[in-house]
$ cat my_file06.csv   # CSV, C-alpha atoms
chain,number,residue,atom,x,y,z
A,1,MET,CA,-143.0,-127.3,-37.9
A,2,LYS,CA,-141.6,-124.4,-39.7
A,3,GLU,CA,-143.8,-121.5,-40.9
A,4,LYS,CA,-144.0,-120.9,-44.7
A,5,ASN,CA,-141.2,-118.8,-46.0
A,6,SER,CA,-139.4,-119.0,-42.7
A,7,LYS,CA,-135.6,-119.4,-42.8
A,8,LYS,CA,-133.2,-121.1,-40.5
A,9,TYR,CA,-130.8,-118.8,-38.8
A,10,ILE,CA,-127.9,-119.4,-36.4
A,11,ILE,CA,-125.9,-116.9,-34.5
A,12,VAL,CA,-122.5,-117.9,-35.5
A,13,SER,CA,-121.4,-118.8,-32.0
A,14,ILE,CA,-120.3,-122.4,-31.9
A,15,VAL,CA,-120.3,-125.1,-29.3
A,16,PHE,CA,-117.3,-127.4,-29.0
A,17,ILE,CA,-117.0,-130.5,-26.8
A,18,ILE,CA,-113.7,-130.7,-25.1
A,19,LEU,CA,-112.2,-133.9,-23.8
A,20,VAL,CA,-111.5,-134.1,-20.1
A,21,THR,CA,-107.9,-135.1,-20.7
A,22,ILE,CA,-106.9,-131.4,-20.8
A,23,GLY,CA,-104.5,-130.6,-18.0
A,24,ILE,CA,-105.2,-133.8,-16.1
A,25,THR,CA,-102.1,-135.6,-14.8
A,26,LEU,CA,-101.5,-138.5,-12.5
A,27,ALA,CA,-98.9,-138.3,-9.8
A,28,TYR,CA,-97.3,-141.1,-7.9
A,29,PHE,CA,-95.6,-141.2,-4.6
A,30,ILE,CA,-93.1,-143.1,-2.5
A,31,PRO,CA,-94.9,-143.9,0.8
A,32,ARG,CA,-93.4,-144.3,4.2
A,33,VAL,CA,-94.6,-147.5,5.8
A,34,VAL,CA,-94.9,-147.9,9.6
A,35,GLY,CA,-95.6,-151.4,11.0
A,36,GLU,CA,-95.5,-155.0,9.6
A,37,LYS,CA,-98.1,-157.4,8.4
A,38,LYS,CA,-101.1,-156.1,10.3
A,39,ASN,CA,-102.1,-152.6,11.2
A,40,ILE,CA,-99.8,-151.1,8.6
A,41,THR,CA,-99.9,-147.4,8.5
A,42,ILE,CA,-98.8,-145.6,5.3
A,43,LYS,CA,-97.9,-141.9,5.7
A,44,LEU,CA,-98.7,-139.8,2.6
A,45,ASP,CA,-98.9,-136.2,3.6
A,46,PRO,CA,-101.7,-135.2,4.4
A,47,LEU,CA,-103.1,-138.8,4.4
A,48,ASN,CA,-102.9,-141.6,6.9
A,49,ILE,CA,-103.7,-144.9,5.3
A,50,ILE,CA,-104.1,-147.7,7.9
A,51,PHE,CA,-104.5,-151.4,6.8
A,52,THR,CA,-106.0,-153.6,9.4
A,53,ASP,CA,-104.3,-156.6,7.7
A,54,SER,CA,-101.6,-157.1,5.1
A,55,GLN,CA,-101.6,-155.1,1.9
A,56,SER,CA,-100.6,-158.1,-0.1
A,57,ILE,CA,-102.5,-160.7,-2.0
A,58,ASN,CA,-100.5,-163.8,-2.9
A,59,GLU,CA,-102.2,-167.1,-4.1
A,60,THR,CA,-99.8,-169.7,-5.4
A,61,GLY,CA,-102.3,-172.3,-6.3
A,62,ALA,CA,-105.7,-171.3,-7.7
A,63,GLU,CA,-108.7,-173.0,-6.1
A,64,LEU,CA,-112.3,-172.5,-7.1
A,65,ASN,CA,-114.4,-170.3,-4.8
A,66,TRP,CA,-111.4,-168.7,-3.2
A,67,GLU,CA,-112.2,-165.4,-1.4
A,68,GLU,CA,-110.2,-162.8,0.5
A,69,HIS,CA,-110.8,-159.3,1.6
A,70,LYS,CA,-108.6,-156.3,2.7
A,71,SER,CA,-109.9,-153.5,4.9
A,72,PHE,CA,-108.3,-150.1,5.4
A,73,THR,CA,-109.0,-146.5,6.3
A,74,ILE,CA,-107.9,-143.3,4.7
A,75,GLU,CA,-107.8,-140.1,6.9
A,76,ASN,CA,-107.2,-136.6,5.5
A,77,THR,CA,-105.4,-134.7,8.2
A,78,ASN,CA,-105.4,-131.5,6.3
A,79,THR,CA,-108.2,-128.9,5.9
A,80,ASP,CA,-108.1,-129.0,2.1
A,81,PRO,CA,-109.7,-131.8,-0.1
A,82,TYR,CA,-107.4,-134.4,-1.5
A,83,TYR,CA,-107.8,-136.7,-4.5
A,84,TYR,CA,-106.4,-140.3,-4.7
A,85,ASN,CA,-106.5,-143.6,-6.6
A,86,ILE,CA,-106.7,-147.1,-5.2
A,87,VAL,CA,-104.3,-149.3,-7.1
A,88,LEU,CA,-102.8,-152.8,-7.1
A,89,GLN,CA,-99.0,-152.6,-7.7
A,90,ASN,CA,-96.7,-155.5,-8.7
A,91,TYR,CA,-99.9,-157.2,-10.0
A,92,THR,CA,-99.8,-160.5,-11.9
A,93,ASN,CA,-102.6,-162.8,-12.8
A,94,ASN,CA,-101.9,-165.8,-15.0
A,95,LEU,CA,-105.3,-167.4,-14.8
A,96,PRO,CA,-106.3,-167.6,-18.5
A,97,SER,CA,-110.0,-167.8,-17.7
A,98,GLU,CA,-110.0,-164.2,-16.5
A,99,THR,CA,-112.5,-164.9,-13.7
A,100,LEU,CA,-110.6,-163.3,-10.9
A,101,GLU,CA,-112.9,-160.4,-9.6
A,102,TYR,CA,-113.0,-157.6,-7.0
A,103,LYS,CA,-115.6,-155.4,-5.4
A,104,ILE,CA,-115.1,-152.2,-3.3
A,105,VAL,CA,-117.5,-151.6,-0.4
A,106,SER,CA,-117.5,-148.3,1.5
A,107,GLU,CA,-119.8,-145.7,3.0
A,108,ASN,CA,-119.0,-143.0,0.4
A,109,GLU,CA,-120.1,-142.8,-3.3
A,110,LEU,CA,-117.5,-145.5,-4.2
A,111,ASN,CA,-119.6,-148.4,-3.2
A,112,MET,CA,-119.7,-151.1,-6.0
A,113,SER,CA,-122.9,-153.1,-6.2
A,114,ASP,CA,-121.3,-155.9,-8.1
A,115,TYR,CA,-117.9,-157.5,-8.8
A,116,LYS,CA,-115.6,-156.3,-11.6
A,117,THR,CA,-113.1,-158.5,-13.5
A,118,LEU,CA,-109.4,-158.1,-12.9
A,119,PRO,CA,-107.2,-158.3,-16.0
A,120,PHE,CA,-105.0,-161.2,-17.1
A,121,SER,CA,-101.3,-160.4,-17.0
A,122,GLU,CA,-98.3,-162.6,-16.8
A,123,GLU,CA,-96.0,-159.6,-16.4
A,124,GLU,CA,-96.1,-157.3,-13.4
A,125,ILE,CA,-98.3,-154.3,-14.0
A,126,GLU,CA,-100.2,-151.7,-12.0
A,127,VAL,CA,-104.0,-152.0,-12.0
A,128,THR,CA,-106.2,-149.1,-11.0
A,129,LEU,CA,-109.2,-150.3,-8.9
A,130,ALA,CA,-110.7,-146.8,-8.4
A,131,GLU,CA,-109.6,-143.3,-9.4
A,132,ASN,CA,-110.0,-139.7,-8.7
A,133,ILE,CA,-111.7,-140.2,-5.3
A,134,LYS,CA,-112.2,-137.0,-3.3
A,135,ILE,CA,-111.8,-136.9,0.5
A,136,ASP,CA,-112.5,-133.6,2.2
A,137,GLY,CA,-110.3,-132.2,4.9
A,138,GLY,CA,-110.6,-133.8,8.3
A,139,LYS,CA,-112.6,-136.7,6.8
A,140,LEU,CA,-112.2,-140.5,7.1
A,141,ASP,CA,-112.9,-143.0,4.3
A,142,GLU,CA,-113.3,-146.7,5.3
A,143,TYR,CA,-113.0,-149.4,2.7
A,144,THR,CA,-113.2,-153.2,2.3
A,145,ILE,CA,-112.1,-154.7,-1.0
A,146,TYR,CA,-113.3,-158.2,-1.7
A,147,PHE,CA,-111.4,-160.5,-4.0
A,148,ARG,CA,-112.8,-163.8,-5.3
A,149,TYR,CA,-112.2,-166.6,-7.8
A,150,PRO,CA,-115.7,-168.0,-8.3
A,151,ASN,CA,-116.7,-171.2,-10.1
A,152,SER,CA,-117.8,-169.9,-13.6
A,153,SER,CA,-120.6,-171.5,-15.5
A,154,SER,CA,-119.7,-169.7,-18.8
A,155,LYS,CA,-115.9,-170.0,-18.9
A,156,ASP,CA,-113.5,-173.0,-19.0
A,157,GLN,CA,-111.3,-172.8,-15.9
A,158,THR,CA,-109.5,-176.1,-16.5
A,159,ASN,CA,-106.2,-174.4,-17.4
A,160,ASP,CA,-106.3,-172.2,-14.2
A,161,ILE,CA,-105.3,-175.1,-12.0
A,162,GLY,CA,-102.1,-174.4,-10.1
A,163,LYS,CA,-101.8,-170.8,-11.5
A,164,THR,CA,-101.0,-167.8,-9.4
A,165,PHE,CA,-102.1,-164.2,-8.8
A,166,GLN,CA,-100.6,-161.5,-6.6
A,167,GLY,CA,-100.6,-157.8,-6.0
A,168,LYS,CA,-100.1,-155.1,-3.3
A,169,LEU,CA,-102.6,-152.4,-2.4
A,170,TYR,CA,-101.4,-148.8,-2.6
A,171,ILE,CA,-102.9,-145.4,-2.6
A,172,THR,CA,-101.6,-142.9,-5.2
A,173,LYS,CA,-102.2,-139.2,-5.5
A,174,ALA,CA,-104.5,-138.0,-8.3
A,175,GLU,CA,-105.4,-134.7,-9.9
A,176,PRO,CA,-109.2,-133.8,-9.8
A,177,THR,CA,-111.1,-134.3,-13.1
A,178,LEU,CA,-112.4,-131.2,-14.9
A,179,ALA,CA,-115.8,-131.9,-13.6
A,180,GLN,CA,-114.4,-132.0,-10.0
A,181,LYS,CA,-112.5,-128.8,-10.6
A,182,ILE,CA,-115.7,-127.1,-11.9
A,183,ILE,CA,-117.7,-128.1,-8.8
A,184,GLU,CA,-115.0,-126.8,-6.5
A,185,ASN,CA,-114.8,-123.4,-8.3
A,186,SER,CA,-118.4,-122.8,-8.9
A,187,ASN,CA,-121.6,-122.2,-6.9
A,188,TYR,CA,-122.6,-125.8,-6.8
A,189,LYS,CA,-126.3,-126.3,-5.9
A,190,GLY,CA,-126.7,-130.1,-6.0
A,191,GLU,CA,-129.4,-131.9,-8.0
A,192,ARG,CA,-132.1,-129.7,-9.5
A,193,THR,CA,-135.6,-131.0,-8.8
A,194,LYS,CA,-137.7,-127.8,-9.4
A,195,PHE,CA,-138.5,-127.0,-13.0
A,196,ASP,CA,-141.7,-125.0,-12.8
A,197,THR,CA,-139.9,-121.7,-12.9
A,198,ILE,CA,-137.2,-120.4,-15.2
A,199,LEU,CA,-133.9,-119.5,-13.4
A,200,PRO,CA,-133.0,-115.9,-14.0
A,201,SER,CA,-130.8,-115.1,-17.0
A,202,ASN,CA,-130.3,-111.5,-15.9
A,203,GLY,CA,-129.6,-110.6,-12.3
A,204,ASN,CA,-131.0,-107.1,-12.8
A,205,ASP,CA,-134.4,-108.3,-14.0
A,206,SER,CA,-136.9,-107.0,-11.4
A,207,SER,CA,-139.3,-109.8,-12.2
A,208,TYR,CA,-137.1,-112.2,-10.3
A,209,SER,CA,-136.6,-112.2,-6.6
A,210,ILE,CA,-133.2,-112.3,-4.8
A,211,GLU,CA,-134.0,-115.9,-3.7
A,212,GLU,CA,-134.5,-116.9,-7.3
A,213,ASP,CA,-131.4,-115.2,-8.4
A,214,ASN,CA,-129.5,-117.1,-5.8
A,215,GLU,CA,-130.6,-120.3,-7.4
A,216,SER,CA,-128.3,-119.6,-10.4
A,217,GLY,CA,-125.3,-121.9,-10.4
A,218,LEU,CA,-124.1,-125.5,-11.2
A,219,TYR,CA,-126.6,-128.4,-11.0
A,220,LYS,CA,-126.4,-132.1,-11.2
A,221,GLU,CA,-128.6,-133.5,-14.0
A,222,GLU,CA,-131.1,-136.1,-12.7
A,223,GLY,CA,-130.6,-139.5,-14.2
A,224,ALA,CA,-127.6,-138.5,-16.4
A,225,PHE,CA,-124.2,-140.1,-15.8
A,226,THR,CA,-120.8,-140.4,-17.5
A,227,GLU,CA,-119.3,-143.7,-18.5
A,228,ASP,CA,-119.1,-146.4,-15.8
A,229,ILE,CA,-115.6,-146.2,-14.3
A,230,ASN,CA,-116.3,-147.8,-10.9
A,231,GLY,CA,-118.2,-150.9,-12.1
A,232,ASP,CA,-121.3,-149.9,-10.1
A,233,GLY,CA,-123.5,-149.7,-13.1
A,234,LYS,CA,-123.3,-146.0,-13.6
A,235,GLY,CA,-120.7,-143.3,-14.0
A,236,GLU,CA,-120.2,-139.9,-12.5
A,237,PRO,CA,-123.2,-137.4,-12.6
A,238,VAL,CA,-123.5,-135.0,-15.4
A,239,TYR,CA,-123.5,-131.3,-14.4
A,240,TYR,CA,-124.9,-128.2,-16.1
A,241,PHE,CA,-125.0,-124.4,-15.4
A,242,ALA,CA,-128.3,-122.6,-15.2
A,243,GLY,CA,-129.5,-119.1,-14.5
A,244,ASN,CA,-127.4,-115.9,-14.2
A,245,VAL,CA,-124.0,-117.6,-14.1
A,246,THR,CA,-120.8,-115.5,-14.2
A,247,ASN,CA,-118.1,-118.0,-13.1
A,248,ASN,CA,-118.3,-120.6,-15.9
A,249,TRP,CA,-115.6,-119.1,-18.2
A,250,VAL,CA,-112.6,-121.1,-19.4
A,251,LYS,CA,-109.8,-120.2,-21.9
A,252,PHE,CA,-109.1,-122.7,-24.6
A,253,ALA,CA,-107.1,-122.4,-27.9
A,254,GLY,CA,-106.5,-118.7,-27.2
A,255,TYR,CA,-110.3,-117.9,-26.9
A,256,TYR,CA,-112.7,-117.5,-24.1
A,257,TRP,CA,-115.6,-120.0,-23.8
A,258,ARG,CA,-118.5,-120.5,-21.4
A,259,ILE,CA,-118.9,-124.0,-19.9
A,260,ILE,CA,-122.5,-125.1,-20.6
A,261,ARG,CA,-122.3,-128.6,-19.1
A,262,THR,CA,-120.4,-131.8,-18.8
A,263,ASN,CA,-121.2,-134.6,-21.2
A,264,GLU,CA,-122.0,-138.3,-20.8
A,265,ASP,CA,-118.5,-139.3,-22.1
A,266,GLY,CA,-116.9,-137.0,-19.4
A,267,SER,CA,-116.1,-134.1,-21.7
A,268,LEU,CA,-117.1,-130.5,-21.5
A,269,ARG,CA,-119.5,-128.6,-23.7
A,270,LEU,CA,-118.3,-125.1,-24.4
A,271,LEU,CA,-119.9,-122.0,-26.1
A,272,TYR,CA,-117.6,-119.7,-28.0
A,273,GLY,CA,-117.2,-116.3,-26.2
A,274,GLY,CA,-114.7,-114.4,-28.3
A,275,PRO,CA,-111.1,-113.4,-28.0
A,276,GLU,CA,-109.4,-112.5,-24.7
A,277,SER,CA,-109.7,-108.8,-25.3
A,278,GLU,CA,-113.5,-109.1,-25.9
A,279,LYS,CA,-114.4,-111.7,-23.4
A,280,GLY,CA,-118.1,-111.8,-23.1
A,281,ASN,CA,-118.7,-108.8,-25.4
A,282,SER,CA,-121.9,-109.8,-27.1
A,283,GLN,CA,-120.8,-108.0,-30.3
A,284,GLU,CA,-117.7,-110.2,-30.6
A,285,GLN,CA,-119.3,-113.6,-29.9
A,286,TYR,CA,-119.7,-114.3,-33.6
A,287,ILE,CA,-117.1,-116.3,-35.6
A,288,GLY,CA,-118.3,-114.6,-38.8
A,289,GLY,CA,-117.6,-111.1,-37.6
A,290,THR,CA,-119.1,-108.4,-35.4
A,291,ASN,CA,-122.8,-108.9,-34.8
A,292,VAL,CA,-123.2,-111.2,-37.8
A,293,THR,CA,-126.2,-113.5,-38.3
A,294,ARG,CA,-126.5,-115.7,-41.4
A,295,ALA,CA,-129.1,-118.2,-42.6
A,296,TYR,CA,-127.2,-121.4,-42.6
A,297,ASN,CA,-129.5,-122.8,-45.3
A,298,GLY,CA,-131.3,-120.2,-47.5
A,299,THR,CA,-133.6,-122.9,-48.9
A,300,TYR,CA,-136.5,-123.9,-46.7
A,301,ASN,CA,-138.9,-126.0,-48.7
A,302,ASN,CA,-137.5,-129.4,-47.6
A,303,PRO,CA,-136.9,-130.8,-44.1
A,304,ARG,CA,-133.3,-131.7,-45.0
A,305,TYR,CA,-132.3,-128.0,-44.8
A,306,VAL,CA,-133.0,-128.0,-41.0
A,307,GLY,CA,-129.6,-129.5,-40.5
A,308,PHE,CA,-126.0,-128.4,-41.1
A,309,LYS,CA,-125.5,-131.6,-43.0
A,310,TYR,CA,-128.1,-133.5,-45.0
A,311,GLY,CA,-128.6,-136.0,-47.8
A,312,SER,CA,-130.9,-136.3,-50.8
A,313,ASP,CA,-134.5,-135.1,-50.8
A,314,SER,CA,-136.3,-138.3,-51.8
A,315,THR,CA,-137.1,-139.7,-48.4
A,316,LEU,CA,-136.8,-138.8,-44.7
A,317,SER,CA,-134.1,-141.5,-44.2
A,318,ASN,CA,-132.1,-140.0,-47.1
A,319,ASN,CA,-132.5,-136.6,-45.6
A,320,ARG,CA,-130.5,-138.0,-42.6
A,321,GLN,CA,-127.5,-139.3,-44.6
A,322,ASN,CA,-125.5,-136.2,-43.8
A,323,THR,CA,-123.5,-136.3,-47.1
A,324,ASP,CA,-123.8,-132.6,-48.0
A,325,ASN,CA,-122.9,-129.5,-46.0
A,326,SER,CA,-124.8,-126.3,-45.5
A,327,PRO,CA,-123.0,-123.2,-47.0
A,328,ILE,CA,-122.2,-121.9,-43.6
A,329,LEU,CA,-120.6,-125.2,-42.5
A,330,GLY,CA,-118.4,-125.6,-45.5
A,331,SER,CA,-116.5,-128.7,-46.6
A,332,ASP,CA,-114.0,-130.6,-44.6
A,333,SER,CA,-111.2,-129.3,-46.9
A,334,ASP,CA,-112.3,-125.7,-46.4
A,335,THR,CA,-109.6,-123.4,-45.0
A,336,THR,CA,-111.3,-120.1,-45.8
A,337,ASP,CA,-111.6,-117.8,-42.8
A,338,SER,CA,-112.0,-114.2,-44.0
A,339,GLY,CA,-114.9,-111.7,-44.5
A,340,SER,CA,-118.1,-112.9,-45.9
A,341,ASN,CA,-116.6,-116.3,-47.0
A,342,VAL,CA,-116.1,-117.5,-43.4
A,343,THR,CA,-117.4,-121.0,-42.7
A,344,LEU,CA,-117.3,-123.0,-39.5
A,345,ASN,CA,-115.1,-125.7,-41.0
A,346,GLY,CA,-112.8,-123.0,-42.4
A,347,TRP,CA,-112.5,-121.3,-38.9
A,348,TYR,CA,-112.0,-124.7,-37.3
A,349,ASN,CA,-109.3,-125.8,-39.7
A,350,GLN,CA,-107.4,-122.5,-39.2
A,351,LYS,CA,-107.9,-121.9,-35.5
A,352,ILE,CA,-108.4,-125.3,-33.8
A,353,ARG,CA,-107.2,-128.2,-35.9
A,354,PRO,CA,-103.5,-127.4,-36.1
A,355,SER,CA,-102.8,-127.5,-32.3
A,356,PHE,CA,-106.0,-128.5,-30.5
A,357,ASP,CA,-107.9,-131.0,-32.6
A,358,SER,CA,-106.8,-133.9,-30.3
A,359,TYR,CA,-108.8,-132.3,-27.4
A,360,ILE,CA,-112.1,-132.4,-29.2
A,361,SER,CA,-114.5,-135.2,-28.3
A,362,ARG,CA,-115.7,-137.5,-31.1
A,363,THR,CA,-118.2,-139.4,-28.9
A,364,ALA,CA,-120.3,-136.5,-27.3
A,365,VAL,CA,-121.9,-135.7,-30.6
A,366,TYR,CA,-125.3,-134.0,-30.9
A,367,CYS,CA,-127.2,-132.4,-33.8
A,368,ASN,CA,-130.6,-131.2,-34.9
A,369,ASP,CA,-132.7,-134.0,-36.3
A,370,ARG,CA,-135.4,-134.0,-39.0
A,371,ALA,CA,-138.4,-135.4,-37.1
A,372,VAL,CA,-141.9,-134.5,-38.3
A,373,PRO,CA,-145.4,-135.5,-37.2
A,374,ASN,CA,-146.9,-138.6,-38.8
A,375,GLY,CA,-148.4,-138.0,-42.2
A,376,LYS,CA,-147.0,-134.5,-42.5
A,377,TYR,CA,-143.7,-135.3,-44.2
A,378,SER,CA,-143.2,-133.7,-47.6
A,379,THR,CA,-140.4,-132.8,-49.9
A,380,SER,CA,-142.5,-130.6,-52.1
A,381,SER,CA,-144.4,-128.3,-49.7
A,382,THR,CA,-142.8,-125.7,-47.4
A,383,PHE,CA,-142.4,-126.2,-43.7
$ encode --input "my_file06.csv" --output "structure tokens"
Amino acid sequence: MKEKNSKKYIIVSIVFIILVTIGITLAYFIPRVVGEKKNITIKLDPLNIIFTDSQSINETGAELNWEEHKSFTIENTNTDPYYYNIVLQNYTNNLPSETLEYKIVSENELNMSDYKTLPFSEEEIEVTLAENIKIDGGKLDEYTIYFRYPNSSSKDQTNDIGKTFQGKLYITKAEPTLAQKIIENSNYKGERTKFDTILPSNGNDSSYSIEEDNESGLYKEEGAFTEDINGDGKGEPVYYFAGNVTNNWVKFAGYYWRIIRTNEDGSLRLLYGGPESEKGNSQEQYIGGTNVTRAYNGTYNNPRYVGFKYGSDSTLSNNRQNTDNSPILGSDSDTTDSGSNVTLNGWYNQKIRPSFDSYISRTAVYCNDRAVPNGKYSTSSTF
């Protein structure tokens, strides 16, 4: 509820959502193999990968209810963490029913509760079974991968008879995701379970104890996960910064930003922090100029003006059509970025769109909604 004659203000610092594809590359390697058929050891410095049986899967005649499994261990002989992918190379599967499945079982977080379908491909391809797995220095990961061709009650498997599938298990090097890099370079606290006190926002505030100040850092959000990439029914955890955090800065598009959190689609939510020369200067963290605050909608007698974008004022549902822009947002064709005429779209079209638009997430969208108590909605009285 808005008080009568109140206006909606926004400090013109903006939040962008950046895709995790920035700077992430995938590197492959040529392994050195020691041994034949069983107890094969692959040397990938600093990893030792030991297969207790053959790496290969090769079925020349598909039979219903076929099953096979492969077991192996991965040892990190270094002191630093290492990131890797589990892949099937030289993979073909010409079973048109697409009912060939796999499941990875392990003692680490990569422990799939159910089977996942392998793709149909008559040409040799590489299939990633799991990616960006972290193994700490001196640690050992043990895996068993189960493959099966079950009798399906929902798909016609008649044309699968006599068809083949094959592949060879390998480990490839991976670069850590942005979320993994953030965890490694921050004061990671784990999952936050205590919410009865506010974490300090100012380390010099005498109302907080040293113990409370030490609680500032990166937290895992309870119950929030990114997209499911392992087939285990949930994705990677979502992380957020809380308290008097000083190590959550990142440079993007020539400006400094603060990382607020990761998003459910695996992207980052960033808060504008000004140019490099003024990093963190509170007077420069405004896109509209030094220490500028502006009402993003000067009119306040209708719930539609709570939003940057809004529709007509006839009904609440029409309020949510998002067909019109607030003056401070500007139109999509706006390229103005000077003085009192600055708009968010104008700034974006000049500073971000030409070179960095492809890095902005289109799926991690959030906005302020026009929700009001039952019986209180009105387009004629003030809020």
$ closest_residue --input "my_file06.csv" --among "A:Ala242, A:Val105, A:Ala224, A:Ile125" --to "Asn93 (chain A)" --atoms "only C-alpha atoms"
A:Ile125
$ closest_residue --input "my_file06.csv" --among "A:Ser378, A:Pro46, A:Thr193, A:Leu178" --to "Ser314 (chain A)" --atoms "only C-alpha atoms"
A:Ser378
$ atom_distance --input "my_file06.csv" --atom1 "CA of Ala174 (chain A)" --atom2 "CA of Asn85 (chain A)"
6.2 Å
$ residues_around --input "my_file06.csv" --residues "region 109-124 of chain A" --least-positions-apart "6" --cutoff "12 Å" --atoms "only C-alpha atoms" --output "PyMOL selection string"
chain A and resi 85-103+130-135+141-150+160+163-168+228-237
$ residues_around --input "my_file06.csv" --residues "region 72-75 of chain A" --least-positions-apart "2" --cutoff "7 Å" --atoms "all atoms listed in the file" --output "list in words"
Leu47, Asn48, Ile49, Ile50, Phe51, Thr52, Lys70, Thr77, Lys139, Leu140, Asp141, Glu142, Tyr143 and Thr144 of chain A
$ write_last_selection --input "my_file06.csv" --atoms "C-alpha atoms" --output "mmCIF file, in the coordinates of the input"
data_model
loop_
_atom_site.group_PDB
_atom_site.id
_atom_site.type_symbol
_atom_site.label_atom_id
_atom_site.label_comp_id
_atom_site.auth_asym_id
_atom_site.auth_seq_id
_atom_site.Cartn_x
_atom_site.Cartn_y
_atom_site.Cartn_z
ATOM 1 C CA LEU A 47 -103.100 -138.800 4.400
ATOM 2 C CA ASN A 48 -102.900 -141.600 6.900
ATOM 3 C CA ILE A 49 -103.700 -144.900 5.300
ATOM 4 C CA ILE A 50 -104.100 -147.700 7.900
ATOM 5 C CA PHE A 51 -104.500 -151.400 6.800
ATOM 6 C CA THR A 52 -106.000 -153.600 9.400
ATOM 7 C CA LYS A 70 -108.600 -156.300 2.700
ATOM 8 C CA THR A 77 -105.400 -134.700 8.200
ATOM 9 C CA LYS A 139 -112.600 -136.700 6.800
ATOM 10 C CA LEU A 140 -112.200 -140.500 7.100
ATOM 11 C CA ASP A 141 -112.900 -143.000 4.300
ATOM 12 C CA GLU A 142 -113.300 -146.700 5.300
ATOM 13 C CA TYR A 143 -113.000 -149.400 2.700
ATOM 14 C CA THR A 144 -113.200 -153.200 2.300
#
$ closest_residue --input "my_file06.csv" --among "A:Pro303, A:Pro354, A:Gly138, A:Pro275" --to "Phe252 (chain A)" --atoms "all atoms listed in the file"
A:Pro275
$ closest_residue --input "my_file06.csv" --among "A:Arg258, A:Lys309, A:Tyr170, A:Tyr84" --to "Ser54 (chain A)" --atoms "all atoms listed in the file"
A:Tyr170
$ residues_around --input "my_file06.csv" --residues "Asp334 (chain A)" --least-positions-apart "3" --cutoff "7 Å" --atoms "all atoms listed in the file" --output "JSON, numbers by chain"
{"A": [330, 331, 345, 346]}
$ write_last_selection --input "my_file06.csv" --atoms "C-alpha atoms" --output "mmCIF file, in the frame of the given file"
data_model
loop_
_atom_site.group_PDB
_atom_site.id
_atom_site.type_symbol
_atom_site.label_atom_id
_atom_site.label_comp_id
_atom_site.auth_asym_id
_atom_site.auth_seq_id
_atom_site.Cartn_x
_atom_site.Cartn_y
_atom_site.Cartn_z
ATOM 1 C CA GLY A 330 -118.400 -125.600 -45.500
ATOM 2 C CA SER A 331 -116.500 -128.700 -46.600
ATOM 3 C CA ASN A 345 -115.100 -125.700 -41.000
ATOM 4 C CA GLY A 346 -112.800 -123.000 -42.400
#
$ residues_near_point --input "my_file06.csv" --point "(-123.7, -136.9, -47.6)" --cutoff "10 Å" --atoms "all atoms listed in the file" --output "list in words"
Lys309, Tyr310, Gly311, Ser312, Asn318, Asn319, Arg320, Gln321, Asn322, Thr323, Asp324 and Asn325 of chain A
$ write_last_selection --input "my_file06.csv" --atoms "C-alpha atoms" --output "compact mmCIF listing (two decimals), in the coordinates of the input"
# COMPACT_ATOMS: atom_id res chain seq x y z
CA LYS A 309 -125.50 -131.60 -43.00
CA TYR A 310 -128.10 -133.50 -45.00
CA GLY A 311 -128.60 -136.00 -47.80
CA SER A 312 -130.90 -136.30 -50.80
CA ASN A 318 -132.10 -140.00 -47.10
CA ASN A 319 -132.50 -136.60 -45.60
CA ARG A 320 -130.50 -138.00 -42.60
CA GLN A 321 -127.50 -139.30 -44.60
CA ASN A 322 -125.50 -136.20 -43.80
CA THR A 323 -123.50 -136.30 -47.10
CA ASP A 324 -123.80 -132.60 -48.00
CA ASN A 325 -122.90 -129.50 -46.00
$ residues_near_point --input "my_file06.csv" --point "(-114.7, -118.5, -16.6)" --cutoff "12 Å" --atoms "all atoms listed in the file" --output "compact mmCIF listing (two decimals) with C-alpha atoms, keeping the file's coordinate frame"
# COMPACT_ATOMS: atom_id res chain seq x y z
CA ILE A 182 -115.70 -127.10 -11.90
CA ASN A 185 -114.80 -123.40 -8.30
CA SER A 186 -118.40 -122.80 -8.90
CA PHE A 241 -125.00 -124.40 -15.40
CA VAL A 245 -124.00 -117.60 -14.10
CA THR A 246 -120.80 -115.50 -14.20
CA ASN A 247 -118.10 -118.00 -13.10
CA ASN A 248 -118.30 -120.60 -15.90
CA TRP A 249 -115.60 -119.10 -18.20
CA VAL A 250 -112.60 -121.10 -19.40
CA LYS A 251 -109.80 -120.20 -21.90
CA PHE A 252 -109.10 -122.70 -24.60
CA TYR A 255 -110.30 -117.90 -26.90
CA TYR A 256 -112.70 -117.50 -24.10
CA TRP A 257 -115.60 -120.00 -23.80
CA ARG A 258 -118.50 -120.50 -21.40
CA ILE A 259 -118.90 -124.00 -19.90
CA ILE A 260 -122.50 -125.10 -20.60
CA LEU A 270 -118.30 -125.10 -24.40
CA LEU A 271 -119.90 -122.00 -26.10
CA TYR A 272 -117.60 -119.70 -28.00
CA GLY A 273 -117.20 -116.30 -26.20
CA GLU A 276 -109.40 -112.50 -24.70
CA LYS A 279 -114.40 -111.70 -23.40
CA GLY A 280 -118.10 -111.80 -23.10
$ atom_distance --input "my_file06.csv" --atom1 "CA of Val238 (chain A)" --atom2 "CA of Glu184 (chain A)"
14.8 Å
$ atom_distance --input "my_file06.csv" --atom1 "CA of Thr128 (chain A)" --atom2 "CA of Asp156 (chain A)"
26.2 Å
$ closest_residue --input "my_file06.csv" --among "A:Ile161, A:Gly243, A:Gly298, A:Lys194" --to "Glu215 (chain A)" --atoms "all atoms listed in the file"
A:Gly243
$ closest_residue --input "my_file06.csv" --among "A:Tyr286, A:Ser361, A:Tyr83, A:Leu64" --to "Pro176 (chain A)" --atoms "all atoms listed in the file"
A:Tyr83
